[in-house]
$ cat upload_33.txt   # compact mmCIF, C-alpha atoms
# COMPACT_ATOMS: atom_id res chain seq x y z
CA MET M 1135 -18.82 -6.11 25.73
CA SER M 1136 -21.46 -8.87 26.11
CA ALA M 1137 -20.36 -12.50 25.86
CA PRO M 1138 -21.44 -14.57 22.80
CA PRO M 1139 -24.53 -16.75 23.38
CA GLY M 1140 -22.52 -19.95 22.82
CA LEU M 1141 -20.05 -19.02 25.55
CA VAL M 1142 -22.85 -18.12 27.97
CA ARG M 1143 -24.58 -21.44 27.31
CA MET M 1144 -21.44 -23.51 27.88
CA ARG M 1145 -20.60 -21.52 31.01
CA VAL M 1146 -24.09 -22.23 32.41
CA ILE M 1147 -23.74 -25.95 31.64
CA ALA M 1148 -20.30 -26.21 33.30
CA THR M 1149 -21.41 -24.27 36.36
CA GLY M 1150 -24.69 -26.23 36.51
CA MET M 1151 -22.78 -29.54 36.52
CA LEU M 1152 -20.63 -28.27 39.40
CA VAL M 1153 -23.73 -27.26 41.36
CA VAL M 1154 -25.39 -30.63 40.66
CA MET M 1155 -22.27 -32.49 41.83
CA ALA M 1156 -22.19 -30.42 45.04
CA ALA M 1157 -25.86 -31.14 45.73
CA THR M 1158 -25.35 -34.83 44.95
CA PHE M 1159 -22.38 -34.96 47.32
CA PHE M 1160 -24.41 -33.62 50.24
CA VAL M 1161 -27.43 -35.82 49.52
CA ALA M 1162 -25.28 -38.94 49.12
CA GLY M 1163 -23.45 -38.14 52.35
CA ARG M 1164 -26.72 -38.20 54.27
CA LEU M 1165 -27.92 -41.41 52.61
CA GLN M 1166 -24.72 -43.45 52.38
CA ASP M 1167 -25.49 -45.30 55.64
CA SER M 1168 -28.79 -46.56 54.24
CA ALA M 1169 -27.25 -48.35 51.25
CA PRO M 1170 -23.66 -49.08 50.11
CA ALA M 1171 -24.40 -47.73 46.61
CA TRP M 1172 -24.65 -44.20 47.99
CA GLY M 1173 -20.99 -44.43 48.93
CA PHE M 1174 -20.10 -44.82 45.28
CA VAL M 1175 -22.36 -41.89 44.35
CA ARG M 1176 -20.81 -39.77 47.09
CA ALA M 1177 -17.25 -40.63 45.94
CA PHE M 1178 -18.09 -39.81 42.33
CA ALA M 1179 -19.73 -36.49 43.26
CA GLU M 1180 -16.93 -35.54 45.64
CA ALA M 1181 -14.16 -36.11 43.10
CA ALA M 1182 -16.23 -34.50 40.32
CA MET M 1183 -16.77 -31.44 42.48
CA VAL M 1184 -13.05 -31.19 43.25
CA GLY M 1185 -12.13 -31.65 39.56
CA GLY M 1186 -14.71 -29.10 38.44
CA LEU M 1187 -13.56 -26.56 41.04
CA ALA M 1188 -9.91 -27.06 40.08
CA ASP M 1189 -10.60 -26.56 36.39
CA TRP M 1190 -12.87 -23.55 37.13
CA PHE M 1191 -10.00 -22.01 39.06
CA ALA M 1192 -7.53 -22.76 36.24
CA VAL M 1193 -9.78 -21.35 33.51
CA THR M 1194 -10.73 -18.27 35.54
CA ALA M 1195 -7.11 -17.60 36.54
CA LEU M 1196 -6.22 -17.13 32.87
CA PHE M 1197 -8.42 -14.04 32.56
CA ARG M 1198 -9.03 -12.62 36.04
CA HIS M 1199 -8.54 -13.11 39.79
CA PRO M 1200 -10.89 -15.89 41.00
CA LEU M 1201 -13.62 -14.40 43.24
CA GLY M 1202 -11.72 -11.08 42.92
CA LEU M 1203 -8.99 -12.28 45.30
CA PRO M 1204 -5.41 -11.19 44.34
CA ILE M 1205 -4.09 -14.74 44.41
CA PRO M 1206 -0.51 -15.00 43.05
CA HIS M 1207 -0.16 -16.20 39.46
CA THR M 1208 -3.76 -15.46 38.51
CA ALA M 1209 -5.16 -12.98 35.94
CA ILE M 1210 -2.36 -14.27 33.75
CA ILE M 1211 -3.37 -12.68 30.44
CA PRO M 1212 -3.98 -9.09 31.66
CA ARG M 1213 -0.83 -9.16 33.81
CA ASN M 1214 1.33 -10.46 30.98
CA LYS M 1215 -0.28 -8.59 28.08
CA ASP M 1216 2.91 -6.77 27.10
CA ARG M 1217 5.02 -9.91 27.33
CA ILE M 1218 2.46 -11.81 25.22
CA GLY M 1219 2.69 -9.07 22.59
CA ASP M 1220 6.48 -9.25 22.58
CA GLN M 1221 6.46 -13.05 22.31
CA LEU M 1222 3.87 -12.91 19.53
CA ALA M 1223 6.05 -10.45 17.65
CA VAL M 1224 9.12 -12.65 18.13
CA PHE M 1225 7.11 -15.68 16.97
CA LEU M 1226 6.08 -13.83 13.80
CA ARG M 1227 9.65 -12.76 13.16
CA ASP M 1228 11.21 -16.19 13.78
CA TYR M 1229 8.64 -18.37 12.00
CA PHE M 1230 6.81 -16.21 9.44
CA LEU M 1231 8.90 -13.18 8.41
CA ILE M 1232 12.08 -15.07 7.57
CA PRO M 1233 12.84 -14.47 3.86
CA VAL M 1234 13.42 -18.21 3.28
CA VAL M 1235 10.03 -19.10 4.77
CA VAL M 1236 8.26 -16.33 2.85
CA ALA M 1237 9.90 -17.44 -0.40
CA ARG M 1238 8.89 -21.08 0.22
CA ARG M 1239 5.28 -20.17 0.91
CA MET M 1240 5.09 -17.71 -1.99
CA ARG M 1241 6.46 -20.37 -4.36
CA ARG M 1242 3.29 -22.38 -3.80
CA MET M 1243 1.03 -19.45 -4.62
CA ASP M 1244 -0.07 -18.62 -8.17
CA VAL M 1245 -0.82 -14.93 -7.61
CA ALA M 1246 -0.66 -14.15 -11.33
CA GLY M 1247 -3.09 -16.97 -12.15
CA VAL M 1248 -5.65 -15.78 -9.60
CA ALA M 1249 -5.32 -12.19 -10.84
CA ALA M 1250 -5.62 -13.33 -14.46
CA ARG M 1251 -8.84 -15.27 -13.86
CA TRP M 1252 -10.41 -12.39 -11.98
CA LEU M 1253 -9.35 -9.74 -14.50
CA ALA M 1254 -10.51 -11.82 -17.46
CA ASN M 1255 -13.96 -12.34 -15.96
CA PRO M 1256 -14.51 -10.07 -12.93
CA SER M 1257 -18.26 -10.72 -12.94
CA SER M 1258 -17.62 -14.37 -12.03
CA GLY M 1259 -15.90 -13.33 -8.82
CA SER M 1260 -17.63 -12.72 -5.54
CA LYS M 1261 -19.33 -9.32 -5.33
CA ARG M 1262 -18.80 -9.49 -1.62
CA VAL M 1263 -15.04 -9.88 -2.10
CA THR M 1264 -14.99 -6.99 -4.58
CA ARG M 1265 -16.92 -4.71 -2.22
CA GLY M 1266 -14.76 -5.76 0.73
CA ALA M 1267 -11.56 -5.08 -1.19
CA SER M 1268 -13.01 -1.75 -2.32
CA ARG M 1269 -13.78 -0.68 1.25
CA LEU M 1270 -10.35 -1.83 2.40
CA VAL M 1271 -8.58 0.25 -0.26
CA VAL M 1272 -10.71 3.33 0.49
CA GLU M 1273 -10.13 3.08 4.23
CA ALA M 1274 -6.40 2.55 3.72
CA LEU M 1275 -6.10 5.59 1.43
CA GLN M 1276 -8.11 7.76 3.82
CA ALA M 1277 -6.32 6.55 6.94
CA LEU M 1278 -2.83 7.32 5.65
CA ASP M 1279 -1.15 10.51 6.78
CA GLN M 1280 -1.54 12.51 3.57
CA GLU M 1281 1.01 15.16 4.54
CA ARG M 1282 3.64 12.57 5.33
CA LEU M 1283 2.72 10.31 2.43
CA GLY M 1284 2.71 13.23 -0.01
CA GLY M 1285 6.19 14.13 1.19
CA MET M 1286 7.32 10.53 0.70
CA VAL M 1287 5.90 10.44 -2.83
CA ARG M 1288 7.48 13.77 -3.69
CA GLY M 1289 10.79 12.64 -2.24
CA ALA M 1290 10.70 9.37 -4.21
CA MET M 1291 9.86 11.16 -7.46
CA VAL M 1292 12.54 13.81 -6.95
CA GLU M 1293 15.10 11.14 -6.08
CA GLN M 1294 14.29 9.20 -9.23
CA ILE M 1295 14.57 12.36 -11.36
CA ARG M 1296 17.89 13.22 -9.72
CA ARG M 1297 19.27 9.84 -10.73
CA ILE M 1298 18.35 10.30 -14.39
CA ASP M 1299 21.16 11.60 -16.60
CA LEU M 1300 18.83 13.85 -18.56
CA ALA M 1301 21.16 15.32 -21.21
CA PRO M 1302 21.98 12.05 -23.07
CA LEU M 1303 18.32 11.04 -22.85
CA ILE M 1304 17.20 14.29 -24.51
CA GLY M 1305 20.00 14.02 -27.06
CA ARG M 1306 19.05 10.49 -28.10
CA ALA M 1307 15.37 11.41 -28.29
CA LEU M 1308 16.14 14.43 -30.50
CA GLU M 1309 18.47 12.36 -32.70
CA ALA M 1310 15.81 9.65 -33.13
CA ALA M 1311 13.16 12.26 -33.95
CA MET M 1312 15.37 13.83 -36.64
CA ALA M 1313 16.20 10.43 -38.11
CA GLU M 1314 12.48 9.79 -38.62
CA ASN M 1315 11.81 13.39 -39.73
CA ARG M 1316 9.55 13.97 -36.72
CA HIS M 1317 11.27 17.25 -35.85
CA GLN M 1318 9.70 19.16 -38.76
CA PRO M 1319 6.47 19.99 -36.82
CA ILE M 1320 8.67 21.48 -34.10
CA ILE M 1321 10.41 23.76 -36.62
CA ASP M 1322 7.02 24.70 -38.11
CA GLY M 1323 5.80 25.58 -34.66
CA ILE M 1324 8.85 27.73 -33.99
CA VAL M 1325 8.35 29.58 -37.30
CA ARG M 1326 4.67 30.21 -36.55
CA TRP M 1327 5.54 31.39 -33.07
CA ALA M 1328 8.18 33.77 -34.44
CA ALA M 1329 5.64 35.17 -36.94
CA ARG M 1330 3.14 35.85 -34.17
CA VAL M 1331 5.80 37.51 -32.01
CA LEU M 1332 6.87 39.73 -34.91
CA ASP M 1333 3.29 40.69 -35.72
CA SER M 1334 2.50 41.65 -32.12
CA ASN M 1335 5.76 43.60 -31.65
CA GLN M 1336 5.98 45.67 -34.84
CA GLN M 1337 5.83 48.88 -32.85
CA VAL M 1338 8.76 47.73 -30.72
CA VAL M 1339 10.84 47.30 -33.91
CA ARG M 1340 9.82 50.74 -35.15
CA ASN M 1341 10.76 52.33 -31.82
CA MET M 1342 14.16 50.63 -31.85
CA VAL M 1343 14.91 51.89 -35.39
CA HIS M 1344 13.65 55.36 -34.51
CA GLU M 1345 15.88 55.60 -31.41
CA ARG M 1346 18.99 54.42 -33.27
CA ALA M 1347 18.43 56.50 -36.42
CA GLY M 1348 20.19 59.81 -36.86
CA SER M 1349 18.39 63.16 -36.70
CA ILE M 1350 18.42 63.50 -40.50
CA LEU M 1351 16.73 60.11 -40.94
CA ARG M 1352 14.14 60.98 -38.35
CA TRP M 1353 13.56 64.44 -39.91
CA THR M 1354 13.09 62.98 -43.39
CA GLY M 1355 10.96 60.09 -42.14
CA LEU M 1356 13.32 57.49 -43.54
CA ASP M 1357 13.47 55.73 -40.15
CA GLU M 1358 9.85 54.67 -40.59
CA THR M 1359 10.62 53.40 -44.09
CA ILE M 1360 13.61 51.42 -42.82
CA ALA M 1361 11.54 49.94 -39.99
CA ASN M 1362 8.82 48.87 -42.42
CA LYS M 1363 11.41 47.31 -44.71
CA ILE M 1364 12.90 45.37 -41.78
CA ILE M 1365 9.48 44.15 -40.66
CA ASP M 1366 8.45 43.22 -44.22
CA GLY M 1367 11.75 41.42 -44.79
CA LEU M 1368 11.47 39.40 -41.57
CA ASP M 1369 7.84 38.60 -42.31
CA LYS M 1370 8.68 37.41 -45.84
CA MET M 1371 11.55 35.30 -44.51
CA LEU M 1372 9.26 33.58 -42.00
CA VAL M 1373 6.60 32.98 -44.67
CA ASP M 1374 9.21 31.46 -46.99
CA MET M 1375 10.51 29.25 -44.16
CA ALA M 1376 6.97 28.05 -43.49
CA GLU M 1377 6.25 27.29 -47.15
CA GLN M 1378 9.62 25.95 -48.31
CA PRO M 1379 10.84 22.75 -46.60
CA ASP M 1380 14.26 23.20 -48.22
CA HIS M 1381 14.71 26.82 -47.12
CA PRO M 1382 18.38 27.55 -46.22
CA LEU M 1383 17.47 28.82 -42.77
CA ARG M 1384 15.55 25.63 -42.04
CA ALA M 1385 18.65 23.71 -43.01
CA LYS M 1386 20.64 25.85 -40.58
CA VAL M 1387 18.09 25.11 -37.85
CA GLU M 1388 18.34 21.39 -38.56
CA GLU M 1389 22.11 21.62 -38.47
CA GLY M 1390 21.90 23.37 -35.12
CA LEU M 1391 19.52 20.71 -33.75
CA ALA M 1392 21.85 17.92 -34.90
CA THR M 1393 24.77 19.67 -33.19
CA LEU M 1394 22.70 20.08 -30.03
CA ALA M 1395 21.80 16.37 -30.06
CA ARG M 1396 25.49 15.41 -30.32
CA ASP M 1397 26.55 17.88 -27.63
CA LEU M 1398 23.89 16.63 -25.23
CA GLN M 1399 25.19 13.10 -25.57
CA HIS M 1400 28.93 13.66 -25.70
CA LYS M 1401 29.95 17.08 -24.31
CA PRO M 1402 30.50 17.08 -20.53
CA GLU M 1403 29.95 20.85 -20.26
CA MET M 1404 26.55 20.56 -21.96
CA ARG M 1405 25.59 17.70 -19.67
CA GLU M 1406 26.61 19.79 -16.66
CA ARG M 1407 24.49 22.70 -17.84
CA VAL M 1408 21.44 20.47 -18.29
CA GLU M 1409 22.05 18.87 -14.89
CA ALA M 1410 22.28 22.29 -13.23
CA LEU M 1411 19.06 23.38 -14.94
CA LYS M 1412 17.35 20.16 -13.80
CA LEU M 1413 18.41 20.64 -10.18
CA ALA M 1414 17.32 24.29 -10.24
CA LEU M 1415 13.89 23.23 -11.50
CA LEU M 1416 13.58 20.58 -8.79
CA GLU M 1417 14.37 23.15 -6.11
CA ASN M 1418 11.78 25.57 -7.47
CA PRO M 1419 8.75 25.80 -5.11
CA ALA M 1420 6.37 25.82 -8.06
CA MET M 1421 7.81 22.52 -9.30
CA GLN M 1422 7.54 21.00 -5.83
CA ASN M 1423 3.91 22.08 -5.57
CA TRP M 1424 3.25 20.55 -8.98
CA ILE M 1425 4.78 17.22 -7.91
CA ASN M 1426 2.69 17.29 -4.73
CA GLY M 1427 -0.36 17.93 -6.87
CA LEU M 1428 0.44 14.85 -8.96
CA TRP M 1429 0.19 12.63 -5.86
CA GLU M 1430 -3.08 14.21 -4.76
CA GLN M 1431 -4.57 13.77 -8.23
CA ALA M 1432 -3.45 10.13 -8.25
CA ARG M 1433 -4.89 9.57 -4.76
CA GLN M 1434 -8.24 11.07 -5.72
CA ALA M 1435 -8.33 8.94 -8.88
CA MET M 1436 -7.60 5.82 -6.84
CA LEU M 1437 -10.33 6.75 -4.35
CA ARG M 1438 -12.88 7.24 -7.15
CA ALA M 1439 -11.94 3.92 -8.69
CA ALA M 1440 -12.01 2.09 -5.34
CA ARG M 1441 -15.42 3.53 -4.39
CA ASP M 1442 -16.97 2.34 -7.65
CA PRO M 1443 -14.97 -0.67 -8.90
CA GLU M 1444 -17.84 -1.96 -11.06
CA ARG M 1445 -17.99 1.31 -12.97
CA LEU M 1446 -14.24 1.18 -13.46
CA LEU M 1447 -14.45 -2.37 -14.79
CA SER M 1448 -17.29 -1.52 -17.17
CA GLY M 1449 -15.47 1.25 -19.07
CA GLY M 1450 -12.39 1.46 -21.25
CA MET M 1451 -10.20 0.69 -18.27
CA GLY M 1452 -12.24 -2.46 -17.71
CA ASP M 1453 -11.65 -3.58 -21.30
CA MET M 1454 -7.93 -3.00 -20.86
CA LEU M 1455 -7.87 -4.96 -17.60
CA ARG M 1456 -9.82 -7.83 -19.18
CA GLN M 1457 -7.33 -7.96 -22.05
CA LEU M 1458 -4.54 -8.02 -19.51
CA GLY M 1459 -6.24 -10.93 -17.70
CA GLU M 1460 -6.71 -12.89 -20.94
CA THR M 1461 -3.06 -12.30 -21.85
CA LEU M 1462 -1.95 -13.54 -18.44
CA GLU M 1463 -4.12 -16.64 -18.81
CA ARG M 1464 -2.56 -17.50 -22.19
CA ASP M 1465 1.04 -16.53 -21.51
CA VAL M 1466 2.61 -19.02 -19.10
CA ARG M 1467 5.97 -17.30 -19.24
CA LEU M 1468 4.44 -13.94 -18.32
CA ARG M 1469 2.59 -15.50 -15.36
CA ARG M 1470 5.82 -17.11 -14.20
CA THR M 1471 7.65 -13.80 -14.47
CA LEU M 1472 4.91 -11.97 -12.55
CA ASN M 1473 4.84 -14.61 -9.81
CA ARG M 1474 8.61 -14.37 -9.53
CA TYR M 1475 8.35 -10.59 -9.20
CA VAL M 1476 5.63 -10.85 -6.51
CA ARG M 1477 7.75 -13.39 -4.64
CA ARG M 1478 10.78 -11.10 -4.77
CA VAL M 1479 8.72 -8.18 -3.51
CA ALA M 1480 7.34 -10.26 -0.63
CA VAL M 1481 10.77 -11.58 0.29
CA GLY M 1482 12.30 -8.12 0.04
CA THR M 1483 9.55 -6.68 2.21
CA ALA M 1484 10.11 -9.38 4.83
CA ALA M 1485 13.85 -8.75 4.78
CA ASP M 1486 13.65 -4.95 4.82
CA TYR M 1487 10.59 -4.37 6.99
CA GLY M 1488 10.32 -7.54 9.10
CA ASP M 1489 11.65 -5.78 12.20
CA VAL M 1490 9.29 -2.85 11.57
CA ILE M 1491 6.31 -5.22 11.36
CA VAL M 1492 7.43 -7.00 14.52
CA GLY M 1493 7.76 -3.69 16.33
CA LEU M 1494 4.33 -2.63 15.09
CA VAL M 1495 2.72 -5.83 16.44
CA SER M 1496 4.46 -5.43 19.79
CA GLU M 1497 3.56 -1.75 20.14
CA THR M 1498 -0.03 -2.37 19.05
CA VAL M 1499 -0.56 -5.06 21.68
CA ARG M 1500 1.05 -2.84 24.31
CA GLY M 1501 -1.40 -0.10 23.42
CA TRP M 1502 -4.46 -2.31 23.87
CA ASP M 1503 -6.55 -1.99 26.99
CA ALA M 1504 -5.97 -5.03 29.25
CA GLN M 1505 -9.67 -5.53 29.97
CA THR M 1506 -10.60 -5.28 26.29
CA ILE M 1507 -8.03 -7.82 25.09
CA THR M 1508 -8.93 -10.15 27.98
CA GLN M 1509 -12.62 -10.08 27.05
CA ARG M 1510 -11.88 -10.63 23.37
CA LEU M 1511 -9.62 -13.59 24.03
CA GLU M 1512 -12.10 -15.07 26.46
CA HIS M 1513 -14.92 -14.68 23.95
CA ALA M 1514 -12.76 -16.26 21.24
CA VAL M 1515 -11.64 -19.37 23.16
CA GLY M 1516 -13.92 -19.34 26.21
CA LYS M 1517 -16.36 -21.88 24.75
CA ASP M 1518 -13.59 -24.48 24.44
CA LEU M 1519 -12.33 -23.63 27.91
CA GLN M 1520 -15.76 -24.38 29.36
CA PHE M 1521 -15.45 -27.87 27.87
CA ILE M 1522 -12.31 -28.23 30.00
CA ARG M 1523 -14.44 -27.54 33.08
CA ILE M 1524 -17.06 -30.08 31.96
CA ASN M 1525 -14.41 -32.70 31.18
CA GLY M 1526 -12.64 -31.97 34.48
CA THR M 1527 -15.89 -32.59 36.36
CA LEU M 1528 -16.57 -35.89 34.58
CA VAL M 1529 -12.97 -37.15 34.68
CA GLY M 1530 -12.67 -36.21 38.36
CA GLY M 1531 -15.86 -38.11 39.13
CA MET M 1532 -14.62 -41.22 37.30
CA VAL M 1533 -11.29 -41.11 39.12
CA GLY M 1534 -13.07 -40.72 42.47
CA LEU M 1535 -15.37 -43.63 41.63
CA LEU M 1536 -12.41 -45.79 40.68
CA ILE M 1537 -10.54 -44.98 43.88
CA HIS M 1538 -13.61 -45.71 46.01
CA THR M 1539 -14.15 -49.00 44.19
CA VAL M 1540 -10.57 -50.07 44.81
CA ASP M 1541 -10.82 -49.00 48.44
CA VAL M 1542 -14.01 -51.06 48.97
CA ALA M 1543 -12.48 -54.06 47.23
CA LEU M 1544 -9.44 -53.98 49.48

$ encode --input "upload_33.txt" --output "structure tokens"
Amino acid sequence: MSAPPGLVRMRVIATGMLVVMAATFFVAGRLQDSAPAWGFVRAFAEAAMVGGLADWFAVTALFRHPLGLPIPHTAIIPRNKDRIGDQLAVFLRDYFLIPVVVARRMRRMDVAGVAARWLANPSSGSKRVTRGASRLVVEALQALDQERLGGMVRGAMVEQIRRIDLAPLIGRALEAAMAENRHQPIIDGIVRWAARVLDSNQQVVRNMVHERAGSILRWTGLDETIANKIIDGLDKMLVDMAEQPDHPLRAKVEEGLATLARDLQHKPEMRERVEALKLALLENPAMQNWINGLWEQARQAMLRAARDPERLLSGGMGDMLRQLGETLERDVRLRRTLNRYVRRVAVGTAADYGDVIVGLVSETVRGWDAQTITQRLEHAVGKDLQFIRINGTLVGGMVGLLIHTVDVAL
């Protein structure tokens, strides 16, 4: 990994000053007998050289062994990489991931306001930010362990379904539908379905009558007549039910549906039967595959949207999101509620997963290559560290000049 040009330039300047001070020291040493002023030059150069060498040693010792010599307490960063990671993790935990601190910082942030302005007018936002966020979402979705994540999604969905008391929910929905007369299309559908079943199974009815008829009926052919009468009677009954809203059998069906709605809400044995049926469905492999498929479909939809956010924002979904943004901009109470929810989520995440995040930081730093992290840190702060060398050279020279001046004066 090559060093940044700025770091190389500052390193050359610091080293060049040290070389110049060394050369000046030797030249002044040879000429100091010819004029007293050279004594001052020599003192300045000598102290500057010592100061520059000391600061070069200190700066170099942070990242490596000076001159490759295994001097104790040098190469501090690569030797203490793991400890630095642990301390960084502890620092994050103690000063950033405390729920109180997170809540205080989140209270100053208007997340809902920022989201509202962007949703209301996404074209005014930075295209670069949109593309960057898009790439981040795509990479995150692709980097996740899909097998593990799919299992987590399935587990969360199944757990939520398990918690739902389904029988009363169905009962109330059926009761509400009947109160608003929205159950009639269901009865019509059942009648039409029964008519189709009867029409496609007429031969089954004839065979049943034929098998149960006596030999005399079969010999006289009356079994066929009886079967036809049964089929015609059932067919007429279904036609009448379809055409007559006040048909007695429809009333019986409605009475049965009303009883079912009450039983679902109030009868423990009915609720137990529905619960058993629900659990059996959840354990069915076909149902589990279907739930897994829901996550994959959702993931693919999110990937398509993230890869082309501008297309998403230009369609019907974009209109809906813009309306949401405009609503958020107008409704102060809604923004306050959303900000409160975001703050609670952030605080809850810090409280529940703070230790996990700390462990992740620590383990990540431990997994880094010592040479790589050393080079990156040096490239990040090395330019400022070279100023320390330059300042050390100049300050050392001034101190040496001052001491020599005092010594001459005395």

$ residues_around --input "upload_33.txt" --residues "Ala1376 of chain M" --least-positions-apart "4" --cutoff "10 Å" --atoms "all atoms listed in the file" --output "ChimeraX atom specification"
/M:1321-1326,1329,1370-1372,1380-1381,1384

$ residues_around --input "upload_33.txt" --residues "segment 1526-1528 of chain M" --least-positions-apart "3" --cutoff "9 Å" --atoms "all atoms listed in the file" --output "PDB file with C-alpha atoms, in the coordinates of the input"
ATOM      1  CA  ALA M1148     -20.300 -26.210  33.300  1.00  0.00           C
ATOM      2  CA  MET M1151     -22.780 -29.540  36.520  1.00  0.00           C
ATOM      3  CA  LEU M1152     -20.630 -28.270  39.400  1.00  0.00           C
ATOM      4  CA  MET M1155     -22.270 -32.490  41.830  1.00  0.00           C
ATOM      5  CA  PHE M1178     -18.090 -39.810  42.330  1.00  0.00           C
ATOM      6  CA  ALA M1179     -19.730 -36.490  43.260  1.00  0.00           C
ATOM      7  CA  ALA M1181     -14.160 -36.110  43.100  1.00  0.00           C
ATOM      8  CA  ALA M1182     -16.230 -34.500  40.320  1.00  0.00           C
ATOM      9  CA  MET M1183     -16.770 -31.440  42.480  1.00  0.00           C
ATOM     10  CA  VAL M1184     -13.050 -31.190  43.250  1.00  0.00           C
ATOM     11  CA  GLY M1185     -12.130 -31.650  39.560  1.00  0.00           C
ATOM     12  CA  GLY M1186     -14.710 -29.100  38.440  1.00  0.00           C
ATOM     13  CA  LEU M1187     -13.560 -26.560  41.040  1.00  0.00           C
ATOM     14  CA  ALA M1188      -9.910 -27.060  40.080  1.00  0.00           C
ATOM     15  CA  ASP M1189     -10.600 -26.560  36.390  1.00  0.00           C
ATOM     16  CA  TRP M1190     -12.870 -23.550  37.130  1.00  0.00           C
ATOM     17  CA  PHE M1521     -15.450 -27.870  27.870  1.00  0.00           C
ATOM     18  CA  ILE M1522     -12.310 -28.230  30.000  1.00  0.00           C
ATOM     19  CA  ARG M1523     -14.440 -27.540  33.080  1.00  0.00           C
ATOM     20  CA  GLY M1531     -15.860 -38.110  39.130  1.00  0.00           C
ATOM     21  CA  MET M1532     -14.620 -41.220  37.300  1.00  0.00           C
ATOM     22  CA  VAL M1533     -11.290 -41.110  39.120  1.00  0.00           C
TER      23      VAL M1533
END

$ residues_around --input "upload_33.txt" --residues "segment 1137-1147 of chain M" --least-positions-apart "2" --cutoff "9 Å" --atoms "only C-alpha atoms" --output "PDB file with C-alpha atoms, in the coordinates of the input"
ATOM      1  CA  MET M1135     -18.820  -6.110  25.730  1.00  0.00           C
ATOM      2  CA  THR M1149     -21.410 -24.270  36.360  1.00  0.00           C
ATOM      3  CA  GLY M1150     -24.690 -26.230  36.510  1.00  0.00           C
ATOM      4  CA  MET M1151     -22.780 -29.540  36.520  1.00  0.00           C
ATOM      5  CA  LEU M1152     -20.630 -28.270  39.400  1.00  0.00           C
ATOM      6  CA  GLN M1509     -12.620 -10.080  27.050  1.00  0.00           C
ATOM      7  CA  GLU M1512     -12.100 -15.070  26.460  1.00  0.00           C
ATOM      8  CA  HIS M1513     -14.920 -14.680  23.950  1.00  0.00           C
ATOM      9  CA  ALA M1514     -12.760 -16.260  21.240  1.00  0.00           C
ATOM     10  CA  VAL M1515     -11.640 -19.370  23.160  1.00  0.00           C
ATOM     11  CA  GLY M1516     -13.920 -19.340  26.210  1.00  0.00           C
ATOM     12  CA  LYS M1517     -16.360 -21.880  24.750  1.00  0.00           C
ATOM     13  CA  ASP M1518     -13.590 -24.480  24.440  1.00  0.00           C
ATOM     14  CA  GLN M1520     -15.760 -24.380  29.360  1.00  0.00           C
ATOM     15  CA  PHE M1521     -15.450 -27.870  27.870  1.00  0.00           C
ATOM     16  CA  ARG M1523     -14.440 -27.540  33.080  1.00  0.00           C
ATOM     17  CA  ILE M1524     -17.060 -30.080  31.960  1.00  0.00           C
TER      18      ILE M1524
END

$ closest_residue --input "upload_33.txt" --among "M:Ala1171, M:Leu1332, M:Met1342, M:Met1312" --to "Gly1390 of chain M" --atoms "all atoms listed in the file"
M:Met1312

$ closest_residue --input "upload_33.txt" --among "M:Leu1511, M:Val1492, M:Ile1364, M:Val1540" --to "Leu1222 of chain M" --atoms "all atoms listed in the file"
M:Val1492

$ atom_distance --input "upload_33.txt" --atom1 "atom CA of Leu1391 of chain M" --atom2 "atom CA of Asn1335 of chain M"
26.8 Å

$ atom_distance --input "upload_33.txt" --atom1 "atom CA of Asp1489 of chain M" --atom2 "atom CA of Arg1227 of chain M"
7.3 Å

$ closest_residue --input "upload_33.txt" --among "M:Pro1204, M:Gly1247, M:Pro1170, M:Gly1219" --to "Leu1462 of chain M" --atoms "only C-alpha atoms"
M:Gly1247

$ residues_near_point --input "upload_33.txt" --point "(-6.9, -9.5, -18.1)" --cutoff "9 Å" --atoms "only C-alpha atoms" --output "PyMOL selection string"
chain M and resi 1249-1255+1452-1463

$ atom_distance --input "upload_33.txt" --atom1 "atom CA of Pro1212 of chain M" --atom2 "atom CA of Val1153 of chain M"
28.5 Å

$ closest_residue --input "upload_33.txt" --among "M:Ile1537, M:Leu1196, M:Arg1464, M:Phe1225" --to "Gly1488 of chain M" --atoms "all atoms listed in the file"
M:Phe1225
